[in-house]
file my_file11.cif (mmCIF, C-alpha atoms)
data_my_file
loop_
_atom_site.label_atom_id
_atom_site.label_comp_id
_atom_site.auth_asym_id
_atom_site.auth_seq_id
_atom_site.Cartn_x
_atom_site.Cartn_y
_atom_site.Cartn_z
CA MET B 57 10.44 80.63 -70.02
CA ALA B 58 6.74 81.17 -69.42
CA ALA B 59 7.52 82.04 -65.80
CA SER B 60 9.70 84.96 -66.86
CA ARG B 61 6.74 86.57 -68.68
CA LEU B 62 4.71 86.54 -65.50
CA THR B 63 7.44 88.26 -63.51
CA PRO B 64 6.25 91.65 -62.19
CA THR B 65 7.71 94.59 -64.04
CA ASN B 66 9.26 97.68 -62.58
CA PRO B 67 6.70 99.63 -60.40
CA ALA B 68 7.26 102.83 -62.39
CA SER B 69 6.36 101.00 -65.58
CA ARG B 70 3.12 99.75 -63.97
CA ASP B 71 2.20 103.36 -63.06
CA VAL B 72 2.72 104.46 -66.65
CA ASP B 73 0.57 101.56 -67.91
CA CYS B 74 -2.16 102.49 -65.43
CA MET B 75 -2.11 106.16 -66.53
CA ILE B 76 -2.36 105.14 -70.18
CA ARG B 77 -5.36 102.90 -69.43
CA ILE B 78 -7.08 105.74 -67.54
CA ARG B 79 -6.53 108.19 -70.41
CA VAL B 80 -7.76 105.70 -73.02
CA THR B 81 -10.86 104.92 -70.93
CA ALA B 82 -11.59 108.63 -70.39
CA THR B 83 -11.23 109.30 -74.12
CA ILE B 84 -13.56 106.43 -75.02
CA LEU B 85 -16.17 107.66 -72.55
CA ALA B 86 -15.89 111.29 -73.71
CA LEU B 87 -16.31 110.60 -77.46
CA PRO B 88 -20.07 109.81 -77.37
CA LEU B 89 -20.74 112.89 -75.26
CA ALA B 90 -18.79 115.08 -77.70
CA ALA B 91 -20.68 113.58 -80.64
CA VAL B 92 -24.06 114.31 -79.01
CA LEU B 93 -23.11 117.88 -78.18
CA ALA B 94 -21.75 118.52 -81.67
CA GLY B 95 -24.88 117.05 -83.28
CA CYS B 96 -27.29 119.18 -81.26
CA GLY B 97 -25.59 122.46 -81.91
CA GLY B 98 -27.08 123.61 -78.61
CA GLU B 99 -30.52 124.33 -80.14
CA ARG B 100 -33.59 123.59 -78.11
CA LEU B 101 -35.85 121.13 -79.93
CA TYR B 102 -39.66 121.01 -79.77
CA HIS B 103 -42.16 118.33 -80.73
CA VAL B 104 -45.00 118.93 -83.15
CA SER B 105 -48.08 116.77 -83.59
CA GLY B 106 -51.33 117.17 -85.44
CA ILE B 107 -53.68 115.97 -88.15
CA VAL B 108 -53.12 115.84 -91.92
CA THR B 109 -56.22 115.83 -94.13
CA TYR B 110 -56.89 115.60 -97.85
CA GLN B 111 -60.34 116.24 -99.36
CA GLY B 112 -61.62 116.72 -95.81
CA LYS B 113 -60.55 113.22 -94.71
CA PRO B 114 -57.55 112.06 -92.63
CA VAL B 115 -54.60 110.92 -94.74
CA PRO B 116 -54.43 107.13 -94.08
CA ALA B 117 -50.62 106.77 -94.23
CA GLY B 118 -47.50 108.65 -95.20
CA GLN B 119 -44.83 110.91 -93.82
CA ILE B 120 -44.42 114.57 -92.92
CA VAL B 121 -41.04 116.31 -92.97
CA PHE B 122 -40.16 119.63 -91.31
CA GLU B 123 -37.03 121.23 -92.74
CA PRO B 124 -35.80 124.56 -91.33
CA ASP B 125 -36.17 127.25 -94.03
CA ALA B 126 -32.61 128.46 -94.64
CA SER B 127 -33.89 131.18 -97.03
CA ALA B 128 -35.72 132.68 -94.01
CA GLY B 129 -32.61 132.41 -91.80
CA ASN B 130 -33.65 129.28 -89.92
CA LYS B 131 -31.25 126.40 -89.37
CA GLY B 132 -31.16 123.16 -87.42
CA PRO B 133 -32.00 119.50 -87.87
CA ALA B 134 -34.94 118.36 -89.96
CA ALA B 135 -37.77 116.58 -88.13
CA PHE B 136 -40.11 113.96 -89.50
CA ALA B 137 -42.99 111.75 -88.46
CA LYS B 138 -45.08 108.96 -89.89
CA ILE B 139 -48.69 109.73 -90.70
CA LYS B 140 -51.13 107.06 -89.52
CA ASP B 141 -54.90 107.57 -89.82
CA GLY B 142 -54.31 111.29 -90.28
CA HIS B 143 -52.25 111.73 -87.11
CA TYR B 144 -48.54 112.50 -86.81
CA ASP B 145 -46.22 113.19 -83.85
CA THR B 146 -42.51 114.05 -84.06
CA SER B 147 -41.97 112.71 -80.52
CA LEU B 148 -42.57 109.16 -81.80
CA GLY B 149 -39.95 107.21 -83.76
CA ASP B 150 -36.49 108.49 -84.61
CA SER B 151 -37.13 112.24 -84.95
CA ARG B 152 -35.51 114.48 -82.35
CA GLY B 153 -37.93 117.38 -82.92
CA THR B 154 -37.88 120.82 -84.58
CA VAL B 155 -36.09 124.07 -83.77
CA GLY B 156 -39.24 126.13 -84.34
CA GLY B 157 -39.39 129.11 -86.67
CA PRO B 158 -39.84 129.11 -90.47
CA HIS B 159 -39.95 125.63 -91.99
CA LEU B 160 -40.52 123.95 -95.34
CA VAL B 161 -43.09 121.21 -94.78
CA ARG B 162 -43.30 118.23 -97.13
CA ILE B 163 -46.21 115.83 -96.94
CA HIS B 164 -46.17 112.40 -98.60
CA GLY B 165 -49.69 110.91 -98.46
CA ARG B 166 -50.59 107.29 -99.25
CA ASP B 167 -53.90 105.42 -99.37
CA GLY B 168 -52.83 102.96 -96.64
CA ILE B 169 -53.69 99.83 -98.66
CA PRO B 170 -50.60 97.58 -98.83
CA ARG B 171 -49.73 96.40 -102.32
CA GLY B 172 -46.68 94.14 -102.51
CA GLU B 173 -43.62 96.23 -101.64
CA LEU B 174 -45.76 99.37 -101.27
CA LEU B 175 -46.57 98.81 -97.60
CA ASN B 176 -48.29 102.20 -97.22
CA GLY B 177 -50.14 101.87 -100.51
CA LEU B 178 -50.33 104.15 -103.52
CA PRO B 179 -49.89 107.93 -103.45
CA LEU B 180 -53.08 109.94 -102.79
CA PHE B 181 -51.57 113.13 -104.22
CA ARG B 182 -48.30 114.51 -105.51
CA ASP B 183 -45.90 115.23 -102.67
CA TYR B 184 -47.18 118.48 -101.20
CA GLU B 185 -44.88 121.26 -100.02
CA THR B 186 -45.83 124.31 -97.99
CA LYS B 187 -44.23 126.74 -95.54
CA SER B 188 -45.09 127.05 -91.88
CA ASP B 189 -43.75 129.21 -89.05
CA LEU B 190 -43.59 126.73 -86.19
CA PRO B 191 -43.71 128.06 -82.62
CA LYS B 192 -40.65 127.74 -80.40
CA ARG B 193 -42.52 125.40 -78.09
CA SER B 194 -44.05 121.96 -78.39
CA GLY B 195 -47.54 122.05 -79.81
CA GLU B 196 -50.04 121.08 -82.45
CA GLN B 197 -50.06 122.01 -86.14
CA ASN B 198 -52.70 120.68 -88.55
CA PHE B 199 -52.32 120.57 -92.34
CA GLU B 200 -54.91 120.38 -95.14
CA VAL B 201 -53.48 119.25 -98.49
CA PRO B 202 -55.25 121.20 -101.29
CA THR B 203 -57.48 119.11 -103.56
CA GLY B 204 -55.61 120.28 -106.68
CA GLU B 205 -52.63 118.13 -105.61
CA ARG B 206 -54.21 114.92 -106.94
CA GLN B 207 -51.73 112.30 -108.22
#
call {"tool": "encode", "arguments": {"input": "my_file11.cif", "output": "structure tokens"}}
result
Amino acid sequence: MAASRLTPTNPASRDVDCMIRIRVTATILALPLAAVLAGCGGERLYHVSGIVTYQGKPVPAGQIVFEPDASAGNKGPAAFAKIKDGHYDTSLGDSRGTVGGPHLVRIHGRDGIPRGELLNGLPLFRDYETKSDLPKRSGEQNFEVPTGERQ
């Protein structure tokens, strides 16, 4: 009985099986490419780096977020970067970059002294939000958080 299962099938049936396997493989390989293209929207992305200061000193730790300003007609993915010793760079970590143009910028600054679950420490100031017109090229953009934003 087991020998009958191993008996070759009709050659036409084998061709159909082979075509199905090729189509399934092609579909599986095409899906990630389609997902990447759909996620990018075709926009060119640029990296931004710079220094974030508060009271004239580099912000020890935190995060900076660049969100395209839809109210100014800008759209695309948000970009973000960790702040470490005042420096940030959207080319590091998981951020893909910015689309350039008008952005809402949010800065979360911490004192950098770990305290239990607060690995980046306590807030230095209330989350600060400003607007910035980022160039449509990679470059540097520095930010000074106003002193009146104290926590």
call {"tool": "closest_residue", "arguments": {"input": "my_file11.cif", "among": "B:His103, B:Pro124, B:Val115, B:Arg166", "to": "B:Ala137", "atoms": "only C-alpha atoms"}}
result
B:His103
call {"tool": "resolve_selection", "arguments": {"input": "my_file11.cif", "expression": "the PyMOL selection byres ((chain B and resi 107) around 8)", "output": "mmCIF file with C-alpha atoms, keeping the file's coordinate frame"}}
result
data_model
loop_
_atom_site.group_PDB
_atom_site.id
_atom_site.type_symbol
_atom_site.label_atom_id
_atom_site.label_comp_id
_atom_site.auth_asym_id
_atom_site.auth_seq_id
_atom_site.Cartn_x
_atom_site.Cartn_y
_atom_site.Cartn_z
ATOM 1 C CA SER B 105 -48.080 116.770 -83.590
ATOM 2 C CA GLY B 106 -51.330 117.170 -85.440
ATOM 3 C CA VAL B 108 -53.120 115.840 -91.920
ATOM 4 C CA THR B 109 -56.220 115.830 -94.130
ATOM 5 C CA PRO B 114 -57.550 112.060 -92.630
ATOM 6 C CA GLY B 142 -54.310 111.290 -90.280
ATOM 7 C CA HIS B 143 -52.250 111.730 -87.110
ATOM 8 C CA TYR B 144 -48.540 112.500 -86.810
ATOM 9 C CA GLN B 197 -50.060 122.010 -86.140
ATOM 10 C CA ASN B 198 -52.700 120.680 -88.550
ATOM 11 C CA PHE B 199 -52.320 120.570 -92.340
#
call {"tool": "resolve_selection", "arguments": {"input": "my_file11.cif", "expression": "the PyMOL selection byres ((chain B and resi 156) around 9)", "output": "list of chain:residue names"}}
result
B:Arg100, B:Leu101, B:Tyr102, B:Pro124, B:Asn130, B:Gly153, B:Thr154, B:Val155, B:Gly157, B:Pro158, B:His159, B:Asp189, B:Leu190, B:Pro191, B:Lys192, B:Arg193, B:Ser194
call {"tool": "residues_around", "arguments": {"input": "my_file11.cif", "residues": "B:Pro116", "least_positions_apart": "6", "cutoff": "8 Å", "atoms": "all atoms listed in the file", "output": "JSON, numbers by chain"}}
result
{"B": [139, 140, 141, 142, 165, 166, 167, 168]}
call {"tool": "atom_distance", "arguments": {"input": "my_file11.cif", "atom1": "atom CA of B:Asp145", "atom2": "atom CA of B:Ile163"}}
result
13.4 Å
call {"tool": "resolve_selection", "arguments": {"input": "my_file11.cif", "expression": "the PyMOL selection byres ((chain B and resi 202) around 10)", "output": "JSON, numbers by chain"}}
result
{"B": [109, 110, 111, 112, 181, 184, 199, 200, 201, 203, 204, 205, 206]}
call {"tool": "closest_residue", "arguments": {"input": "my_file11.cif", "among": "B:Ala134, B:Val104, B:Gly118, B:Gly195", "to": "B:Leu174", "atoms": "all atoms listed in the file"}}
result
B:Gly118
call {"tool": "atom_distance", "arguments": {"input": "my_file11.cif", "atom1": "atom CA of B:Gly177", "atom2": "atom CA of B:Gln119"}}
result
12.4 Å
call {"tool": "closest_residue", "arguments": {"input": "my_file11.cif", "among": "B:Lys138, B:Lys187, B:Arg182, B:Arg152", "to": "B:Ile120", "atoms": "only C-alpha atoms"}}
result
B:Lys138
call {"tool": "build_atoms", "arguments": {"input": "my_file11.cif", "residues": "stretch 172-183 of chain B", "atoms": "all heavy atoms", "output": "PDB file, in the frame of the given file"}}
result
ATOM      1  N   GLY B 172     -48.029  94.677-102.306  1.00  0.00           N
ATOM      2  CA  GLY B 172     -46.680  94.140-102.510  1.00  0.00           C
ATOM      3  C   GLY B 172     -45.667  94.899-101.677  1.00  0.00           C
ATOM      4  O   GLY B 172     -45.781  94.984-100.462  1.00  0.00           O
ATOM      5  N   GLU B 173     -44.674  95.488-102.344  1.00  0.00           N
ATOM      6  CA  GLU B 173     -43.620  96.230-101.640  1.00  0.00           C
ATOM      7  C   GLU B 173     -44.084  97.616-101.187  1.00  0.00           C
ATOM      8  O   GLU B 173     -43.412  98.266-100.399  1.00  0.00           O
ATOM      9  CB  GLU B 173     -42.394  96.365-102.540  1.00  0.00           C
ATOM     10  CG  GLU B 173     -41.689  95.047-102.774  1.00  0.00           C
ATOM     11  CD  GLU B 173     -40.444  95.199-103.622  1.00  0.00           C
ATOM     12  OE1 GLU B 173     -39.998  96.332-103.872  1.00  0.00           O
ATOM     13  OE2 GLU B 173     -39.918  94.169-104.041  1.00  0.00           O
ATOM     14  N   LEU B 174     -45.221  98.070-101.678  1.00  0.00           N
ATOM     15  CA  LEU B 174     -45.760  99.370-101.270  1.00  0.00           C
ATOM     16  C   LEU B 174     -46.592  99.186 -99.999  1.00  0.00           C
ATOM     17  O   LEU B 174     -47.822  99.098-100.032  1.00  0.00           O
ATOM     18  CB  LEU B 174     -46.610  99.979-102.396  1.00  0.00           C
ATOM     19  CG  LEU B 174     -45.894 100.223-103.717  1.00  0.00           C
ATOM     20  CD1 LEU B 174     -46.884 100.643-104.786  1.00  0.00           C
ATOM     21  CD2 LEU B 174     -44.804 101.269-103.535  1.00  0.00           C
ATOM     22  N   LEU B 175     -45.906  99.115 -98.870  1.00  0.00           N
ATOM     23  CA  LEU B 175     -46.570  98.810 -97.600  1.00  0.00           C
ATOM     24  C   LEU B 175     -47.584  99.862 -97.177  1.00  0.00           C
ATOM     25  O   LEU B 175     -48.556  99.558 -96.498  1.00  0.00           O
ATOM     26  CB  LEU B 175     -45.523  98.609 -96.506  1.00  0.00           C
ATOM     27  CG  LEU B 175     -44.526  97.472 -96.755  1.00  0.00           C
ATOM     28  CD1 LEU B 175     -43.519  97.399 -95.618  1.00  0.00           C
ATOM     29  CD2 LEU B 175     -45.250  96.150 -96.925  1.00  0.00           C
ATOM     30  N   ASN B 176     -47.353 101.126 -97.560  1.00  0.00           N
ATOM     31  CA  ASN B 176     -48.290 102.200 -97.220  1.00  0.00           C
ATOM     32  C   ASN B 176     -49.271 102.501 -98.344  1.00  0.00           C
ATOM     33  O   ASN B 176     -50.045 103.453 -98.259  1.00  0.00           O
ATOM     34  CB  ASN B 176     -47.541 103.476 -96.832  1.00  0.00           C
ATOM     35  CG  ASN B 176     -46.874 103.336 -95.491  1.00  0.00           C
ATOM     36  OD1 ASN B 176     -47.436 102.768 -94.570  1.00  0.00           O
ATOM     37  ND2 ASN B 176     -45.662 103.841 -95.380  1.00  0.00           N
ATOM     38  N   GLY B 177     -49.206 101.703 -99.403  1.00  0.00           N
ATOM     39  CA  GLY B 177     -50.140 101.870-100.510  1.00  0.00           C
ATOM     40  C   GLY B 177     -49.671 102.860-101.563  1.00  0.00           C
ATOM     41  O   GLY B 177     -48.518 103.275-101.596  1.00  0.00           O
ATOM     42  N   LEU B 178     -50.603 103.246-102.403  1.00  0.00           N
ATOM     43  CA  LEU B 178     -50.330 104.150-103.520  1.00  0.00           C
ATOM     44  C   LEU B 178     -50.451 105.604-103.071  1.00  0.00           C
ATOM     45  O   LEU B 178     -51.185 105.917-102.123  1.00  0.00           O
ATOM     46  CB  LEU B 178     -51.323 103.883-104.658  1.00  0.00           C
ATOM     47  CG  LEU B 178     -51.239 102.498-105.294  1.00  0.00           C
ATOM     48  CD1 LEU B 178     -52.381 102.317-106.291  1.00  0.00           C
ATOM     49  CD2 LEU B 178     -49.894 102.285-105.949  1.00  0.00           C
ATOM     50  N   PRO B 179     -49.787 106.509-103.794  1.00  0.00           N
ATOM     51  CA  PRO B 179     -49.890 107.930-103.450  1.00  0.00           C
ATOM     52  C   PRO B 179     -51.324 108.449-103.631  1.00  0.00           C
ATOM     53  O   PRO B 179     -52.002 108.101-104.587  1.00  0.00           O
ATOM     54  CB  PRO B 179     -48.960 108.616-104.461  1.00  0.00           C
ATOM     55  CG  PRO B 179     -48.040 107.545-104.948  1.00  0.00           C
ATOM     56  CD  PRO B 179     -48.822 106.273-104.877  1.00  0.00           C
ATOM     57  N   LEU B 180     -51.766 109.276-102.680  1.00  0.00           N
ATOM     58  CA  LEU B 180     -53.080 109.940-102.790  1.00  0.00           C
ATOM     59  C   LEU B 180     -52.969 111.216-103.607  1.00  0.00           C
ATOM     60  O   LEU B 180     -53.935 111.651-104.230  1.00  0.00           O
ATOM     61  CB  LEU B 180     -53.587 110.327-101.398  1.00  0.00           C
ATOM     62  CG  LEU B 180     -54.155 109.236-100.525  1.00  0.00           C
ATOM     63  CD1 LEU B 180     -54.520 109.806 -99.159  1.00  0.00           C
ATOM     64  CD2 LEU B 180     -55.372 108.621-101.178  1.00  0.00           C
ATOM     65  N   PHE B 181     -51.810 111.848-103.558  1.00  0.00           N
ATOM     66  CA  PHE B 181     -51.570 113.130-104.220  1.00  0.00           C
ATOM     67  C   PHE B 181     -50.075 113.269-104.442  1.00  0.00           C
ATOM     68  O   PHE B 181     -49.289 112.534-103.847  1.00  0.00           O
ATOM     69  CB  PHE B 181     -52.106 114.298-103.375  1.00  0.00           C
ATOM     70  CG  PHE B 181     -51.711 114.223-101.919  1.00  0.00           C
ATOM     71  CD1 PHE B 181     -50.466 114.681-101.482  1.00  0.00           C
ATOM     72  CD2 PHE B 181     -52.573 113.688-100.977  1.00  0.00           C
ATOM     73  CE1 PHE B 181     -50.099 114.611-100.149  1.00  0.00           C
ATOM     74  CE2 PHE B 181     -52.214 113.609 -99.640  1.00  0.00           C
ATOM     75  CZ  PHE B 181     -50.981 114.071 -99.226  1.00  0.00           C
ATOM     76  N   ARG B 182     -49.717 114.207-105.336  1.00  0.00           N
ATOM     77  CA  ARG B 182     -48.300 114.510-105.510  1.00  0.00           C
ATOM     78  C   ARG B 182     -47.759 115.011-104.178  1.00  0.00           C
ATOM     79  O   ARG B 182     -48.489 115.661-103.417  1.00  0.00           O
ATOM     80  CB  ARG B 182     -48.107 115.607-106.562  1.00  0.00           C
ATOM     81  CG  ARG B 182     -48.256 115.121-107.985  1.00  0.00           C
ATOM     82  CD  ARG B 182     -47.856 116.229-108.937  1.00  0.00           C
ATOM     83  NE  ARG B 182     -48.632 117.447-108.646  1.00  0.00           N
ATOM     84  CZ  ARG B 182     -49.543 117.951-109.443  1.00  0.00           C
ATOM     85  NH1 ARG B 182     -49.801 117.407-110.601  1.00  0.00           N
ATOM     86  NH2 ARG B 182     -50.217 119.032-109.102  1.00  0.00           N
ATOM     87  N   ASP B 183     -46.484 114.738-103.908  1.00  0.00           N
ATOM     88  CA  ASP B 183     -45.900 115.230-102.670  1.00  0.00           C
ATOM     89  C   ASP B 183     -46.187 116.725-102.550  1.00  0.00           C
ATOM     90  O   ASP B 183     -45.927 117.493-103.475  1.00  0.00           O
ATOM     91  CB  ASP B 183     -44.396 114.959-102.623  1.00  0.00           C
ATOM     92  CG  ASP B 183     -44.103 113.466-102.456  1.00  0.00           C
ATOM     93  OD1 ASP B 183     -45.038 112.690-102.164  1.00  0.00           O
ATOM     94  OD2 ASP B 183     -42.932 113.085-102.601  1.00  0.00           O
TER      95      ASP B 183
END
